[in-house]
>>> print(open('upload04.txt').read())   # compact mmCIF, N, CA and C atoms
# COMPACT_ATOMS: atom_id res chain seq x y z
N MET E 1 -21.44 -5.79 16.61
CA MET E 1 -20.46 -6.72 17.14
C MET E 1 -20.25 -7.84 16.12
N LEU E 2 -19.02 -8.18 15.91
CA LEU E 2 -18.66 -9.21 14.95
C LEU E 2 -18.62 -10.56 15.64
N ILE E 3 -19.39 -11.51 15.10
CA ILE E 3 -19.39 -12.87 15.63
C ILE E 3 -18.81 -13.78 14.55
N MET E 4 -17.77 -14.52 14.91
CA MET E 4 -17.09 -15.35 13.93
C MET E 4 -17.12 -16.81 14.38
N THR E 5 -17.81 -17.63 13.63
CA THR E 5 -17.80 -19.07 13.88
C THR E 5 -16.82 -19.72 12.91
N THR E 6 -16.44 -20.93 13.21
CA THR E 6 -15.53 -21.66 12.33
C THR E 6 -16.15 -21.86 10.95
N ASP E 7 -17.43 -22.19 10.92
CA ASP E 7 -18.12 -22.38 9.64
C ASP E 7 -18.14 -21.09 8.82
N ARG E 8 -18.41 -19.99 9.47
CA ARG E 8 -18.46 -18.72 8.75
C ARG E 8 -17.09 -18.36 8.20
N LEU E 9 -16.05 -18.56 9.01
CA LEU E 9 -14.70 -18.26 8.54
C LEU E 9 -14.33 -19.15 7.35
N GLN E 10 -14.70 -20.40 7.40
CA GLN E 10 -14.44 -21.30 6.27
C GLN E 10 -15.15 -20.84 5.00
N ARG E 11 -16.41 -20.39 5.13
CA ARG E 11 -17.16 -19.88 3.97
C ARG E 11 -16.51 -18.61 3.42
N LEU E 12 -16.11 -17.70 4.32
CA LEU E 12 -15.46 -16.47 3.88
C LEU E 12 -14.14 -16.77 3.17
N ARG E 13 -13.40 -17.71 3.71
CA ARG E 13 -12.13 -18.08 3.08
C ARG E 13 -12.36 -18.74 1.71
N ALA E 14 -13.38 -19.56 1.61
CA ALA E 14 -13.68 -20.19 0.31
C ALA E 14 -14.05 -19.13 -0.72
N ASP E 15 -14.87 -18.18 -0.32
CA ASP E 15 -15.24 -17.08 -1.24
C ASP E 15 -14.01 -16.26 -1.63
N ALA E 16 -13.16 -15.97 -0.65
CA ALA E 16 -11.96 -15.18 -0.91
C ALA E 16 -10.98 -15.95 -1.81
N ARG E 17 -10.91 -17.25 -1.61
CA ARG E 17 -10.02 -18.07 -2.46
C ARG E 17 -10.48 -17.99 -3.92
N LEU E 18 -11.78 -18.08 -4.12
CA LEU E 18 -12.33 -17.97 -5.48
C LEU E 18 -12.06 -16.58 -6.06
N GLU E 19 -12.25 -15.56 -5.26
CA GLU E 19 -11.98 -14.19 -5.72
C GLU E 19 -10.51 -14.03 -6.09
N ARG E 20 -9.61 -14.56 -5.26
CA ARG E 20 -8.18 -14.46 -5.53
C ARG E 20 -7.81 -15.20 -6.81
N GLU E 21 -8.32 -16.40 -6.98
CA GLU E 21 -8.04 -17.17 -8.19
C GLU E 21 -8.54 -16.44 -9.43
N THR E 22 -9.70 -15.81 -9.31
CA THR E 22 -10.26 -15.04 -10.43
C THR E 22 -9.37 -13.86 -10.77
N MET E 23 -8.90 -13.14 -9.75
CA MET E 23 -8.01 -12.00 -9.98
C MET E 23 -6.72 -12.46 -10.66
N LEU E 24 -6.16 -13.56 -10.17
CA LEU E 24 -4.93 -14.08 -10.75
C LEU E 24 -5.14 -14.47 -12.21
N GLU E 25 -6.21 -15.20 -12.48
CA GLU E 25 -6.49 -15.63 -13.85
C GLU E 25 -6.66 -14.44 -14.78
N HIS E 26 -7.39 -13.45 -14.32
CA HIS E 26 -7.63 -12.25 -15.14
C HIS E 26 -6.30 -11.56 -15.48
N ARG E 27 -5.45 -11.39 -14.50
CA ARG E 27 -4.18 -10.68 -14.73
C ARG E 27 -3.26 -11.47 -15.65
N VAL E 28 -3.21 -12.78 -15.47
CA VAL E 28 -2.34 -13.60 -16.31
C VAL E 28 -2.87 -13.66 -17.74
N ARG E 29 -4.18 -13.76 -17.89
CA ARG E 29 -4.76 -13.77 -19.24
C ARG E 29 -4.53 -12.44 -19.96
N ASP E 30 -4.38 -11.37 -19.18
CA ASP E 30 -4.08 -10.06 -19.77
C ASP E 30 -2.59 -9.91 -20.09
N GLY E 31 -1.82 -10.96 -19.87
CA GLY E 31 -0.42 -10.95 -20.26
C GLY E 31 0.57 -10.63 -19.16
N GLU E 32 0.10 -10.48 -17.95
CA GLU E 32 1.01 -10.18 -16.85
C GLU E 32 1.81 -11.42 -16.47
N ASP E 33 3.02 -11.20 -16.05
CA ASP E 33 3.87 -12.30 -15.59
C ASP E 33 3.20 -12.96 -14.38
N PRO E 34 2.99 -14.29 -14.42
CA PRO E 34 2.32 -14.96 -13.30
C PRO E 34 3.00 -14.72 -11.94
N ALA E 35 4.32 -14.66 -11.93
CA ALA E 35 5.03 -14.43 -10.67
C ALA E 35 4.70 -13.05 -10.10
N THR E 36 4.62 -12.06 -10.96
CA THR E 36 4.27 -10.71 -10.51
C THR E 36 2.84 -10.67 -10.01
N ALA E 37 1.94 -11.27 -10.77
CA ALA E 37 0.52 -11.30 -10.38
C ALA E 37 0.37 -11.99 -9.03
N TYR E 38 1.02 -13.13 -8.87
CA TYR E 38 0.91 -13.89 -7.63
C TYR E 38 1.42 -13.07 -6.44
N ALA E 39 2.49 -12.33 -6.64
CA ALA E 39 3.07 -11.53 -5.55
C ALA E 39 2.21 -10.33 -5.19
N GLU E 40 1.46 -9.79 -6.16
CA GLU E 40 0.72 -8.55 -5.94
C GLU E 40 -0.74 -8.75 -5.53
N VAL E 41 -1.32 -9.89 -5.86
CA VAL E 41 -2.73 -10.13 -5.51
C VAL E 41 -2.80 -10.45 -4.02
N PRO E 42 -3.75 -9.84 -3.30
CA PRO E 42 -3.84 -10.06 -1.85
C PRO E 42 -4.04 -11.54 -1.49
N GLU E 43 -3.53 -11.91 -0.34
CA GLU E 43 -3.70 -13.27 0.19
C GLU E 43 -5.18 -13.49 0.55
N VAL E 44 -5.55 -14.75 0.69
CA VAL E 44 -6.94 -15.10 1.00
C VAL E 44 -7.41 -14.41 2.28
N ASP E 45 -6.62 -14.50 3.35
CA ASP E 45 -7.05 -13.89 4.61
C ASP E 45 -7.11 -12.36 4.52
N ASP E 46 -6.28 -11.76 3.68
CA ASP E 46 -6.36 -10.30 3.48
C ASP E 46 -7.70 -9.93 2.86
N LEU E 47 -8.16 -10.74 1.93
CA LEU E 47 -9.47 -10.48 1.31
C LEU E 47 -10.60 -10.69 2.32
N VAL E 48 -10.44 -11.67 3.20
CA VAL E 48 -11.45 -11.91 4.24
C VAL E 48 -11.51 -10.71 5.18
N VAL E 49 -10.35 -10.20 5.58
CA VAL E 49 -10.31 -9.04 6.48
C VAL E 49 -10.98 -7.84 5.81
N ARG E 50 -10.70 -7.61 4.54
CA ARG E 50 -11.34 -6.50 3.82
C ARG E 50 -12.87 -6.68 3.79
N GLU E 51 -13.32 -7.90 3.54
CA GLU E 51 -14.76 -8.17 3.52
C GLU E 51 -15.39 -7.90 4.89
N LEU E 52 -14.75 -8.35 5.94
CA LEU E 52 -15.28 -8.13 7.29
C LEU E 52 -15.28 -6.65 7.65
N ARG E 53 -14.23 -5.94 7.26
CA ARG E 53 -14.18 -4.49 7.50
C ARG E 53 -15.36 -3.81 6.82
N ASP E 54 -15.59 -4.14 5.55
CA ASP E 54 -16.70 -3.54 4.81
C ASP E 54 -18.04 -3.92 5.42
N GLU E 55 -18.14 -5.14 5.88
CA GLU E 55 -19.38 -5.60 6.52
C GLU E 55 -19.67 -4.78 7.79
N LEU E 56 -18.64 -4.57 8.59
CA LEU E 56 -18.81 -3.78 9.82
C LEU E 56 -19.18 -2.33 9.49
N LEU E 57 -18.53 -1.77 8.49
CA LEU E 57 -18.85 -0.39 8.08
C LEU E 57 -20.31 -0.30 7.61
N GLU E 58 -20.72 -1.26 6.81
CA GLU E 58 -22.10 -1.24 6.30
C GLU E 58 -23.10 -1.44 7.43
N GLU E 59 -22.80 -2.37 8.32
CA GLU E 59 -23.67 -2.65 9.47
C GLU E 59 -23.89 -1.40 10.32
N ARG E 60 -22.87 -0.55 10.39
CA ARG E 60 -22.94 0.66 11.20
C ARG E 60 -23.35 1.89 10.41
N GLY E 61 -23.68 1.68 9.13
CA GLY E 61 -24.13 2.78 8.29
C GLY E 61 -23.03 3.76 7.92
N ARG E 62 -21.78 3.28 7.86
CA ARG E 62 -20.65 4.19 7.62
C ARG E 62 -19.84 3.83 6.37
N LEU E 63 -20.34 2.89 5.56
CA LEU E 63 -19.57 2.45 4.40
C LEU E 63 -19.38 3.57 3.39
N ALA E 64 -20.43 4.28 3.06
CA ALA E 64 -20.33 5.38 2.09
C ALA E 64 -19.44 6.50 2.65
N GLU E 65 -19.64 6.84 3.90
CA GLU E 65 -18.83 7.88 4.54
C GLU E 65 -17.34 7.51 4.51
N PHE E 66 -17.04 6.26 4.80
CA PHE E 66 -15.65 5.78 4.80
C PHE E 66 -15.07 5.87 3.38
N GLY E 67 -15.84 5.42 2.40
CA GLY E 67 -15.37 5.47 1.02
C GLY E 67 -15.12 6.90 0.56
N LEU E 68 -16.00 7.80 0.93
CA LEU E 68 -15.82 9.21 0.56
C LEU E 68 -14.60 9.81 1.26
N ALA E 69 -14.37 9.43 2.50
CA ALA E 69 -13.19 9.93 3.22
C ALA E 69 -11.91 9.44 2.55
N ARG E 70 -11.91 8.18 2.11
CA ARG E 70 -10.74 7.65 1.39
C ARG E 70 -10.52 8.41 0.08
N LEU E 71 -11.60 8.70 -0.64
CA LEU E 71 -11.48 9.47 -1.88
C LEU E 71 -10.98 10.88 -1.61
N ALA E 72 -11.53 11.51 -0.58
CA ALA E 72 -11.10 12.88 -0.24
C ALA E 72 -9.63 12.90 0.17
N ALA E 73 -9.17 11.83 0.79
CA ALA E 73 -7.76 11.75 1.20
C ALA E 73 -6.84 11.70 -0.02
N LEU E 74 -7.33 11.18 -1.12
CA LEU E 74 -6.53 11.09 -2.35
C LEU E 74 -6.59 12.37 -3.19
N SER E 75 -7.48 13.27 -2.82
CA SER E 75 -7.74 14.45 -3.64
C SER E 75 -6.60 15.46 -3.68
N GLY E 76 -5.81 15.49 -2.65
CA GLY E 76 -4.74 16.47 -2.59
C GLY E 76 -5.23 17.83 -2.10
N GLY E 77 -6.48 17.90 -1.69
CA GLY E 77 -7.03 19.15 -1.18
C GLY E 77 -6.45 19.52 0.17
N ALA E 78 -6.82 20.68 0.63
CA ALA E 78 -6.29 21.21 1.89
C ALA E 78 -6.60 20.30 3.08
N ASP E 79 -7.73 19.62 3.04
CA ASP E 79 -8.12 18.76 4.16
C ASP E 79 -7.90 17.27 3.88
N ALA E 80 -7.14 16.94 2.84
CA ALA E 80 -6.91 15.54 2.47
C ALA E 80 -6.25 14.76 3.60
N GLU E 81 -5.28 15.36 4.25
CA GLU E 81 -4.57 14.67 5.34
C GLU E 81 -5.50 14.38 6.51
N GLU E 82 -6.38 15.31 6.80
CA GLU E 82 -7.34 15.10 7.89
C GLU E 82 -8.29 13.94 7.55
N HIS E 83 -8.76 13.89 6.31
CA HIS E 83 -9.63 12.78 5.89
C HIS E 83 -8.90 11.45 5.97
N ARG E 84 -7.63 11.42 5.57
CA ARG E 84 -6.85 10.19 5.64
C ARG E 84 -6.69 9.73 7.08
N ARG E 85 -6.36 10.65 7.97
CA ARG E 85 -6.20 10.31 9.39
C ARG E 85 -7.51 9.77 9.97
N ASN E 86 -8.62 10.42 9.66
CA ASN E 86 -9.91 9.97 10.18
C ASN E 86 -10.27 8.58 9.66
N ALA E 87 -10.09 8.35 8.36
CA ALA E 87 -10.39 7.04 7.78
C ALA E 87 -9.46 5.98 8.35
N ASP E 88 -8.18 6.31 8.52
CA ASP E 88 -7.23 5.36 9.10
C ASP E 88 -7.62 4.99 10.52
N ARG E 89 -8.03 5.99 11.30
CA ARG E 89 -8.43 5.73 12.70
C ARG E 89 -9.63 4.80 12.76
N VAL E 90 -10.64 5.07 11.94
CA VAL E 90 -11.84 4.23 11.90
C VAL E 90 -11.47 2.81 11.48
N GLU E 91 -10.66 2.70 10.43
CA GLU E 91 -10.28 1.37 9.94
C GLU E 91 -9.46 0.62 10.98
N PHE E 92 -8.54 1.30 11.64
CA PHE E 92 -7.71 0.65 12.65
C PHE E 92 -8.58 0.08 13.78
N GLU E 93 -9.58 0.83 14.20
CA GLU E 93 -10.49 0.34 15.25
C GLU E 93 -11.24 -0.90 14.79
N LEU E 94 -11.69 -0.89 13.54
CA LEU E 94 -12.40 -2.06 13.00
C LEU E 94 -11.47 -3.27 12.89
N LEU E 95 -10.23 -3.03 12.49
CA LEU E 95 -9.28 -4.13 12.38
C LEU E 95 -9.00 -4.77 13.74
N ARG E 96 -8.93 -3.96 14.76
CA ARG E 96 -8.75 -4.50 16.12
C ARG E 96 -9.93 -5.38 16.50
N GLU E 97 -11.12 -4.94 16.14
CA GLU E 97 -12.32 -5.71 16.43
C GLU E 97 -12.31 -7.05 15.68
N ILE E 98 -11.87 -7.02 14.44
CA ILE E 98 -11.79 -8.24 13.63
C ILE E 98 -10.79 -9.21 14.26
N ALA E 99 -9.63 -8.71 14.67
CA ALA E 99 -8.61 -9.57 15.28
C ALA E 99 -9.13 -10.18 16.59
N ASP E 100 -9.90 -9.41 17.34
CA ASP E 100 -10.48 -9.95 18.59
C ASP E 100 -11.49 -11.05 18.30
N ALA E 101 -12.31 -10.86 17.27
CA ALA E 101 -13.37 -11.82 16.95
C ALA E 101 -12.84 -13.05 16.23
N ALA E 102 -11.75 -12.89 15.48
CA ALA E 102 -11.20 -14.00 14.69
C ALA E 102 -9.68 -14.01 14.80
N PRO E 103 -9.16 -14.56 15.88
CA PRO E 103 -7.71 -14.58 16.07
C PRO E 103 -6.95 -15.24 14.91
N GLN E 104 -7.63 -16.12 14.16
CA GLN E 104 -6.99 -16.78 13.02
C GLN E 104 -6.61 -15.78 11.93
N LEU E 105 -7.20 -14.59 11.96
CA LEU E 105 -6.94 -13.56 10.95
C LEU E 105 -5.95 -12.49 11.43
N THR E 106 -5.36 -12.71 12.59
CA THR E 106 -4.50 -11.69 13.19
C THR E 106 -3.35 -11.28 12.28
N VAL E 107 -2.71 -12.22 11.63
CA VAL E 107 -1.58 -11.88 10.76
C VAL E 107 -2.04 -10.99 9.61
N ALA E 108 -3.18 -11.31 9.02
CA ALA E 108 -3.72 -10.48 7.94
C ALA E 108 -4.12 -9.10 8.47
N VAL E 109 -4.65 -9.04 9.67
CA VAL E 109 -4.98 -7.75 10.29
C VAL E 109 -3.72 -6.93 10.49
N TRP E 110 -2.66 -7.56 10.96
CA TRP E 110 -1.37 -6.85 11.14
C TRP E 110 -0.87 -6.29 9.82
N ARG E 111 -0.94 -7.12 8.77
CA ARG E 111 -0.48 -6.64 7.46
C ARG E 111 -1.25 -5.41 7.03
N ARG E 112 -2.57 -5.45 7.20
CA ARG E 112 -3.40 -4.32 6.79
C ARG E 112 -3.16 -3.12 7.70
N SER E 113 -3.08 -3.33 8.97
CA SER E 113 -2.91 -2.21 9.90
C SER E 113 -1.55 -1.55 9.76
N ALA E 114 -0.56 -2.29 9.30
CA ALA E 114 0.77 -1.69 9.10
C ALA E 114 0.73 -0.57 8.07
N SER E 115 -0.17 -0.68 7.10
CA SER E 115 -0.25 0.35 6.05
C SER E 115 -1.13 1.52 6.45
N ILE E 116 -1.88 1.39 7.54
CA ILE E 116 -2.78 2.48 7.92
C ILE E 116 -2.61 2.90 9.38
N ALA E 117 -1.59 2.40 10.05
CA ALA E 117 -1.41 2.70 11.47
C ALA E 117 -1.50 4.20 11.72
N PRO E 118 -2.28 4.59 12.74
CA PRO E 118 -2.42 6.01 13.05
C PRO E 118 -1.06 6.67 13.25
N ARG E 119 -0.94 7.87 12.68
CA ARG E 119 0.33 8.59 12.75
C ARG E 119 0.22 9.72 13.75
>>> encode(input="upload04.txt", output="structure tokens")
Amino acid sequence: MLIMTTDRLQRLRADARLERETMLEHRVRDGEDPATAYAEVPEVDDLVVRELRDELLEERGRLAEFGLARLAALSGGADAEEHRRNADRVEFELLREIADAAPQLTVAVWRRSASIAPR
């Protein structure tokens, strides 16, 4: 079960802000147009949602399984679509849990769930 306090959310956002700034700096130093980099690097709350999703997967002993399912979905093999559907379903359930525990992250959860909504 995910427990979200205001202090914890502030710490996660601070860490995500640093991660985002680092990604932006790296891309711009590599010569990328700052406007493009800024538009493509995930928002702070999107990074927080990803961190919480990974935390829940790890807590439940499913992080490696989830990662392998995502890789298998990209393989183009006969069962790739099944792996994608299974990983999407698991992720969608976790995103719902995150939104319930941290309503402040709901918009970021919606953004993420829009790309993986069960079909």
>>> closest_atom_pairs(input="upload04.txt", of="segment 67-101 of chain E", to="segment 41-63 of chain E", cutoff="10 Å", atoms="only C-alpha atoms", output="JSON lines")
{"residue": "E:Gly67", "atom": "CA", "partner": "E:Leu63", "partner_atom": "CA", "distance": 6.2}
{"residue": "E:Leu68", "atom": "CA", "partner": "E:Leu63", "partner_atom": "CA", "distance": 8.6}
{"residue": "E:Ala69", "atom": "CA", "partner": "E:Leu63", "partner_atom": "CA", "distance": 9.9}
{"residue": "E:Val90", "atom": "CA", "partner": "E:Leu57", "partner_atom": "CA", "distance": 9.2}
{"residue": "E:Glu91", "atom": "CA", "partner": "E:Arg53", "partner_atom": "CA", "distance": 7.5}
{"residue": "E:Phe92", "atom": "CA", "partner": "E:Arg53", "partner_atom": "CA", "distance": 9.7}
{"residue": "E:Glu93", "atom": "CA", "partner": "E:Arg53", "partner_atom": "CA", "distance": 9.8}
{"residue": "E:Leu94", "atom": "CA", "partner": "E:Arg53", "partner_atom": "CA", "distance": 6.3}
{"residue": "E:Leu95", "atom": "CA", "partner": "E:Arg53", "partner_atom": "CA", "distance": 6.9}
{"residue": "E:Glu97", "atom": "CA", "partner": "E:Arg53", "partner_atom": "CA", "distance": 9.2}
{"residue": "E:Ile98", "atom": "CA", "partner": "E:Leu52", "partner_atom": "CA", "distance": 7.2}
{"residue": "E:Ala99", "atom": "CA", "partner": "E:Val49", "partner_atom": "CA", "distance": 9.0}
>>> atom_distance(input="upload04.txt", atom1="atom C of Pro103 of chain E", atom2="atom CA of Arg11 of chain E")
15.7 Å
>>> select_by_dssp(input="upload04.txt", residues="segment 6-104 of chain E", states="helix (DSSP H, G or I)", output="PyMOL selection string")
chain E and resi 6-29+34-40+44-59+63-74+80-101+103-104
>>> atom_distance(input="upload04.txt", atom1="atom CA of Glu25 of chain E", atom2="atom CA of Ala37 of chain E")
8.9 Å
>>> atom_distance(input="upload04.txt", atom1="atom CA of Thr22 of chain E", atom2="atom CA of Gln104 of chain E")
23.7 Å
>>> residues_around(input="upload04.txt", residues="Arg96 of chain E", least_positions_apart="5", cutoff="10 Å", atoms="only C-alpha atoms", output="PyMOL selection string")
chain E and resi 91+101-102+106+109-110+113
>>> axis_aligned_box(input="upload04.txt", around="segment 24-31 of chain E", padding_each_side="8 Å", output="lines of an AutoDock Vina configuration file")
center_x = -3.5
center_y = -12.8
center_z = -15.2
size_x = 24.2
size_y = 21.7
size_z = 26.1
>>> residues_around(input="upload04.txt", residues="Arg84 of chain E", least_positions_apart="5", cutoff="12 Å", atoms="only C-alpha atoms", output="ChimeraX atom specification")
/E:66-79,89-92,115-119
>>> write_last_selection(input="upload04.txt", atoms="N, CA and C atoms", output="compact mmCIF listing (two decimals), keeping the file's coordinate frame")
# COMPACT_ATOMS: atom_id res chain seq x y z
N PHE E 66 -17.04 6.26 4.80
CA PHE E 66 -15.65 5.78 4.80
C PHE E 66 -15.07 5.87 3.38
N GLY E 67 -15.84 5.42 2.40
CA GLY E 67 -15.37 5.47 1.02
C GLY E 67 -15.12 6.90 0.56
N LEU E 68 -16.00 7.80 0.93
CA LEU E 68 -15.82 9.21 0.56
C LEU E 68 -14.60 9.81 1.26
N ALA E 69 -14.37 9.43 2.50
CA ALA E 69 -13.19 9.93 3.22
C ALA E 69 -11.91 9.44 2.55
N ARG E 70 -11.91 8.18 2.11
CA ARG E 70 -10.74 7.65 1.39
C ARG E 70 -10.52 8.41 0.08
N LEU E 71 -11.60 8.70 -0.64
CA LEU E 71 -11.48 9.47 -1.88
C LEU E 71 -10.98 10.88 -1.61
N ALA E 72 -11.53 11.51 -0.58
CA ALA E 72 -11.10 12.88 -0.24
C ALA E 72 -9.63 12.90 0.17
N ALA E 73 -9.17 11.83 0.79
CA ALA E 73 -7.76 11.75 1.20
C ALA E 73 -6.84 11.70 -0.02
N LEU E 74 -7.33 11.18 -1.12
CA LEU E 74 -6.53 11.09 -2.35
C LEU E 74 -6.59 12.37 -3.19
N SER E 75 -7.48 13.27 -2.82
CA SER E 75 -7.74 14.45 -3.64
C SER E 75 -6.60 15.46 -3.68
N GLY E 76 -5.81 15.49 -2.65
CA GLY E 76 -4.74 16.47 -2.59
C GLY E 76 -5.23 17.83 -2.10
N GLY E 77 -6.48 17.90 -1.69
CA GLY E 77 -7.03 19.15 -1.18
C GLY E 77 -6.45 19.52 0.17
N ALA E 78 -6.82 20.68 0.63
CA ALA E 78 -6.29 21.21 1.89
C ALA E 78 -6.60 20.30 3.08
N ASP E 79 -7.73 19.62 3.04
CA ASP E 79 -8.12 18.76 4.16
C ASP E 79 -7.90 17.27 3.88
N ARG E 89 -8.03 5.99 11.30
CA ARG E 89 -8.43 5.73 12.70
C ARG E 89 -9.63 4.80 12.76
N VAL E 90 -10.64 5.07 11.94
CA VAL E 90 -11.84 4.23 11.90
C VAL E 90 -11.47 2.81 11.48
N GLU E 91 -10.66 2.70 10.43
CA GLU E 91 -10.28 1.37 9.94
C GLU E 91 -9.46 0.62 10.98
N PHE E 92 -8.54 1.30 11.64
CA PHE E 92 -7.71 0.65 12.65
C PHE E 92 -8.58 0.08 13.78
N SER E 115 -0.17 -0.68 7.10
CA SER E 115 -0.25 0.35 6.05
C SER E 115 -1.13 1.52 6.45
N ILE E 116 -1.88 1.39 7.54
CA ILE E 116 -2.78 2.48 7.92
C ILE E 116 -2.61 2.90 9.38
N ALA E 117 -1.59 2.40 10.05
CA ALA E 117 -1.41 2.70 11.47
C ALA E 117 -1.50 4.20 11.72
N PRO E 118 -2.28 4.59 12.74
CA PRO E 118 -2.42 6.01 13.05
C PRO E 118 -1.06 6.67 13.25
N ARG E 119 -0.94 7.87 12.68
CA ARG E 119 0.33 8.59 12.75
C ARG E 119 0.22 9.72 13.75
>>> decode(input="upload04.txt", residues="segment 53-74 of chain E", atoms="N, CA and C atoms", output="PDB file, in the first residue's frame")
ATOM      1  N   ARG E  53       5.702   4.304  -9.270  1.00  0.00           N
ATOM      2  CA  ARG E  53       5.346   3.061  -9.964  1.00  0.00           C
ATOM      3  C   ARG E  53       6.443   2.023  -9.765  1.00  0.00           C
ATOM      4  N   ASP E  54       7.694   2.428  -9.977  1.00  0.00           N
ATOM      5  CA  ASP E  54       8.812   1.498  -9.815  1.00  0.00           C
ATOM      6  C   ASP E  54       8.942   1.032  -8.369  1.00  0.00           C
ATOM      7  N   GLU E  55       8.682   1.930  -7.444  1.00  0.00           N
ATOM      8  CA  GLU E  55       8.737   1.574  -6.023  1.00  0.00           C
ATOM      9  C   GLU E  55       7.691   0.504  -5.690  1.00  0.00           C
ATOM     10  N   LEU E  56       6.484   0.690  -6.198  1.00  0.00           N
ATOM     11  CA  LEU E  56       5.424  -0.292  -5.955  1.00  0.00           C
ATOM     12  C   LEU E  56       5.764  -1.637  -6.597  1.00  0.00           C
ATOM     13  N   LEU E  57       6.293  -1.599  -7.805  1.00  0.00           N
ATOM     14  CA  LEU E  57       6.685  -2.850  -8.474  1.00  0.00           C
ATOM     15  C   LEU E  57       7.768  -3.569  -7.671  1.00  0.00           C
ATOM     16  N   GLU E  58       8.756  -2.818  -7.216  1.00  0.00           N
ATOM     17  CA  GLU E  58       9.843  -3.429  -6.446  1.00  0.00           C
ATOM     18  C   GLU E  58       9.335  -3.973  -5.113  1.00  0.00           C
ATOM     19  N   GLU E  59       8.487  -3.207  -4.454  1.00  0.00           N
ATOM     20  CA  GLU E  59       7.911  -3.620  -3.172  1.00  0.00           C
ATOM     21  C   GLU E  59       7.159  -4.944  -3.301  1.00  0.00           C
ATOM     22  N   ARG E  60       6.556  -5.161  -4.459  1.00  0.00           N
ATOM     23  CA  ARG E  60       5.767  -6.371  -4.697  1.00  0.00           C
ATOM     24  C   ARG E  60       6.558  -7.467  -5.394  1.00  0.00           C
ATOM     25  N   GLY E  61       7.856  -7.216  -5.598  1.00  0.00           N
ATOM     26  CA  GLY E  61       8.714  -8.218  -6.223  1.00  0.00           C
ATOM     27  C   GLY E  61       8.436  -8.424  -7.696  1.00  0.00           C
ATOM     28  N   ARG E  62       7.940  -7.382  -8.387  1.00  0.00           N
ATOM     29  CA  ARG E  62       7.553  -7.536  -9.791  1.00  0.00           C
ATOM     30  C   ARG E  62       8.294  -6.595 -10.737  1.00  0.00           C
ATOM     31  N   LEU E  63       9.320  -5.898 -10.233  1.00  0.00           N
ATOM     32  CA  LEU E  63      10.015  -4.921 -11.067  1.00  0.00           C
ATOM     33  C   LEU E  63      10.722  -5.587 -12.245  1.00  0.00           C
ATOM     34  N   ALA E  64      11.448  -6.652 -11.992  1.00  0.00           N
ATOM     35  CA  ALA E  64      12.158  -7.348 -13.077  1.00  0.00           C
ATOM     36  C   ALA E  64      11.160  -7.950 -14.068  1.00  0.00           C
ATOM     37  N   GLU E  65      10.123  -8.574 -13.554  1.00  0.00           N
ATOM     38  CA  GLU E  65       9.095  -9.169 -14.413  1.00  0.00           C
ATOM     39  C   GLU E  65       8.452  -8.104 -15.315  1.00  0.00           C
ATOM     40  N   PHE E  66       8.161  -6.944 -14.748  1.00  0.00           N
ATOM     41  CA  PHE E  66       7.552  -5.848 -15.506  1.00  0.00           C
ATOM     42  C   PHE E  66       8.517  -5.371 -16.596  1.00  0.00           C
ATOM     43  N   GLY E  67       9.781  -5.188 -16.228  1.00  0.00           N
ATOM     44  CA  GLY E  67      10.776  -4.744 -17.201  1.00  0.00           C
ATOM     45  C   GLY E  67      10.939  -5.732 -18.341  1.00  0.00           C
ATOM     46  N   LEU E  68      10.947  -7.009 -18.015  1.00  0.00           N
ATOM     47  CA  LEU E  68      11.069  -8.038 -19.051  1.00  0.00           C
ATOM     48  C   LEU E  68       9.835  -8.068 -19.951  1.00  0.00           C
ATOM     49  N   ALA E  69       8.665  -7.858 -19.368  1.00  0.00           N
ATOM     50  CA  ALA E  69       7.442  -7.824 -20.176  1.00  0.00           C
ATOM     51  C   ALA E  69       7.475  -6.645 -21.143  1.00  0.00           C
ATOM     52  N   ARG E  70       7.962  -5.500 -20.669  1.00  0.00           N
ATOM     53  CA  ARG E  70       8.089  -4.331 -21.554  1.00  0.00           C
ATOM     54  C   ARG E  70       9.078  -4.616 -22.688  1.00  0.00           C
ATOM     55  N   LEU E  71      10.193  -5.268 -22.372  1.00  0.00           N
ATOM     56  CA  LEU E  71      11.167  -5.627 -23.410  1.00  0.00           C
ATOM     57  C   LEU E  71      10.574  -6.617 -24.401  1.00  0.00           C
ATOM     58  N   ALA E  72       9.870  -7.620 -23.890  1.00  0.00           N
ATOM     59  CA  ALA E  72       9.258  -8.623 -24.768  1.00  0.00           C
ATOM     60  C   ALA E  72       8.209  -7.977 -25.673  1.00  0.00           C
ATOM     61  N   ALA E  73       7.530  -6.959 -25.170  1.00  0.00           N
ATOM     62  CA  ALA E  73       6.522  -6.264 -25.974  1.00  0.00           C
ATOM     63  C   ALA E  73       7.162  -5.533 -27.144  1.00  0.00           C
ATOM     64  N   LEU E  74       8.406  -5.137 -27.000  1.00  0.00           N
ATOM     65  CA  LEU E  74       9.120  -4.430 -28.072  1.00  0.00           C
ATOM     66  C   LEU E  74       9.778  -5.383 -29.073  1.00  0.00           C
TER      67      LEU E  74
END
